[in-house]
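To keep things clear, I will list the structure first and then write my remarks on it.
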Amino acid sequence: MKTKVHTPLGEKKRIFLVDDHPVLRDGLRRLLEAEPDLMVCGEAESARKAFESIKSAAPELAIVDISLTGPSGIELIKGLKNRFPKVRVLMLSMHDEVLYAERALRAGAKGYVMKQAPTEHLLTAVRRVLKNEIYLSEALSSQLLGAFVSQKASEPGPILKNLSNRELEIVRRIGQGFTTGEVAKQLGISSKTVETHRGNIRKKLNLRSGSELIRFAMAQTEERV
């Protein structure tokens, strides 16, 4: 599928969508363009295609899914921050905000919204991020504040926080049942690189075998996805 770029309309705020599900992009586009102050100026199904067209689309905000074919949404955010620093980013994901929101913010996102959230929450997040403000759900904001006040690590435990963004992405995909070759193809890296990551993950998580890693990854998926 080719990246789509839409014709600008008036002075509406320009938004670019990055998600590998066409149905979800269509729903987002309809929701946003029903608002008098918002428009979708372009969309892409992957990080690579987003990089190809964001310059010409000239969005003020990119709404990015964390799970993309090839480079992940986290990697896309880092790239956007470096190449298009004026483009603000809102991450939209089905994955547990407690685990991923902090990583998204560190990468350069201004907000994080769960796909399960009510549409009014998404619209609030969009407008807040367009104002260069941070948006997090009330539940996550309270949890982060509580962790700061108590000086204790928030859930999930530090064992997962020790993983890099790439390692965490690989754990998630292993938990979804993908093989090493499939993970390599999805992330655009070699199978040997995936195996190296798997070995590092096992060391960090103190897992003795590949089977233990698979069981651990599947348990995380069942709990959080």
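Residue numbering restarts at 1 for every chain of the structure tokens, chains are lettered A, B, ... in their displayed order, and ligands are numbered from 1 as they appear.
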### Message
Residues near A:Arg173, anyone? I mean within 12 Å using only C-alpha atoms, not counting same-chain ones fewer than 2 positions away, as a count of residues only.
### Response
33
### Message
If we count only C-alpha atoms and set the cut-off at 8 Å, which residues sit around A:Ile63, ignoring sequence neighbours fewer than 4 positions away in its own chain? Please answer as JSON, numbers by chain.
### Response
{"A": [15, 16, 17, 18, 89, 90, 91, 92]}
### Query
If you run DSSP on the backbone, which residues of stretch 64-200 of chain A are alpha helix (DSSP H), as a PyMOL selection string?
chain A and resi 73-83+97-107+119-130+138-150+158-161+165-175+180-187+191-200
### Query
Could you pull out the strand (DSSP E or B) residues of stretch 12-161 of chain A from DSSP and send them as a VMD selection string?
chain A and resid 13 to 18 38 to 44 46 61 to 65 69 88 to 93 111 to 114 135
Now that the selection is made, can you save its residues with C-alpha atoms as a PDB file, in the first residue's frame?
```pdb
ATOM      1  CA  LYS A  13      -4.207  21.761  12.464  1.00  0.00           C
ATOM      2  CA  ARG A  14      -2.443  19.222  10.276  1.00  0.00           C
ATOM      3  CA  ILE A  15      -2.159  15.651  11.541  1.00  0.00           C
ATOM      4  CA  PHE A  16      -0.279  12.677  10.087  1.00  0.00           C
ATOM      5  CA  LEU A  17      -1.349   9.096  10.922  1.00  0.00           C
ATOM      6  CA  VAL A  18       1.060   6.164  11.200  1.00  0.00           C
ATOM      7  CA  LEU A  38      -8.408  19.373  12.706  1.00  0.00           C
ATOM      8  CA  MET A  39      -7.484  17.652   9.442  1.00  0.00           C
ATOM      9  CA  VAL A  40      -5.479  14.629   8.314  1.00  0.00           C
ATOM     10  CA  CYS A  41      -2.743  15.730   5.912  1.00  0.00           C
ATOM     11  CA  GLY A  42      -1.272  12.294   5.306  1.00  0.00           C
ATOM     12  CA  GLU A  43      -0.920   8.734   6.494  1.00  0.00           C
ATOM     13  CA  ALA A  44       1.476   5.799   6.323  1.00  0.00           C
ATOM     14  CA  SER A  46       5.172   1.994   8.439  1.00  0.00           C
ATOM     15  CA  LEU A  61       1.291  16.438  14.887  1.00  0.00           C
ATOM     16  CA  ALA A  62       1.938  12.766  14.139  1.00  0.00           C
ATOM     17  CA  ILE A  63      -0.213  10.083  15.767  1.00  0.00           C
ATOM     18  CA  VAL A  64       1.942   6.956  15.890  1.00  0.00           C
ATOM     19  CA  ASP A  65       1.136   3.347  16.737  1.00  0.00           C
ATOM     20  CA  THR A  69       6.166  -3.525  10.568  1.00  0.00           C
ATOM     21  CA  ARG A  88       4.900  16.797  17.859  1.00  0.00           C
ATOM     22  CA  VAL A  89       4.102  13.140  18.450  1.00  0.00           C
ATOM     23  CA  LEU A  90       1.212  11.418  20.209  1.00  0.00           C
ATOM     24  CA  MET A  91       1.549   7.662  20.655  1.00  0.00           C
ATOM     25  CA  LEU A  92      -1.625   5.590  20.277  1.00  0.00           C
ATOM     26  CA  SER A  93      -1.320   1.979  21.367  1.00  0.00           C
ATOM     27  CA  GLY A 111       1.577  11.981  24.986  1.00  0.00           C
ATOM     28  CA  TYR A 112       0.342   8.403  25.162  1.00  0.00           C
ATOM     29  CA  VAL A 113      -3.232   7.195  24.635  1.00  0.00           C
ATOM     30  CA  MET A 114      -4.598   3.667  24.764  1.00  0.00           C
ATOM     31  CA  TYR A 135      -0.838  14.198  27.882  1.00  0.00           C
TER      32      TYR A 135
END
```
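Nearest to A:Asn165 of all the residues A:Ala58, A:Ile201, A:Leu207, A:Met94 is A:Ile201, counting only C-alpha atoms.
You can rank A:Ala219, A:Ile174, A:Val126, A:Ile74 by their closest distance to A:Arg106 using only C-alpha atoms, and at the top of that list sits A:Ile74.
Nearest-residue note for A:His197: choosing from A:Leu80, A:Ala34, A:Ser164, A:Ser209, the minimum distance belongs to A:Ser164, counting only C-alpha atoms.
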### Summary
Expressed in Å, the length from atom CA of A:Gly188 to atom CA of A:Phe51 is 15.5 Å
### Query
Hey, which of A:Tyr100, A:Ile66, A:Leu205, A:Leu136 ends up closest to A:Leu122? Count only C-alpha atoms.
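For A:Leu122, the nearest of the given residues is A:Leu136.
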### Atomic distance atom CA of A:Glu45 - atom CA of A:Ala107, expressed in Å with one decimal
20.0 Å
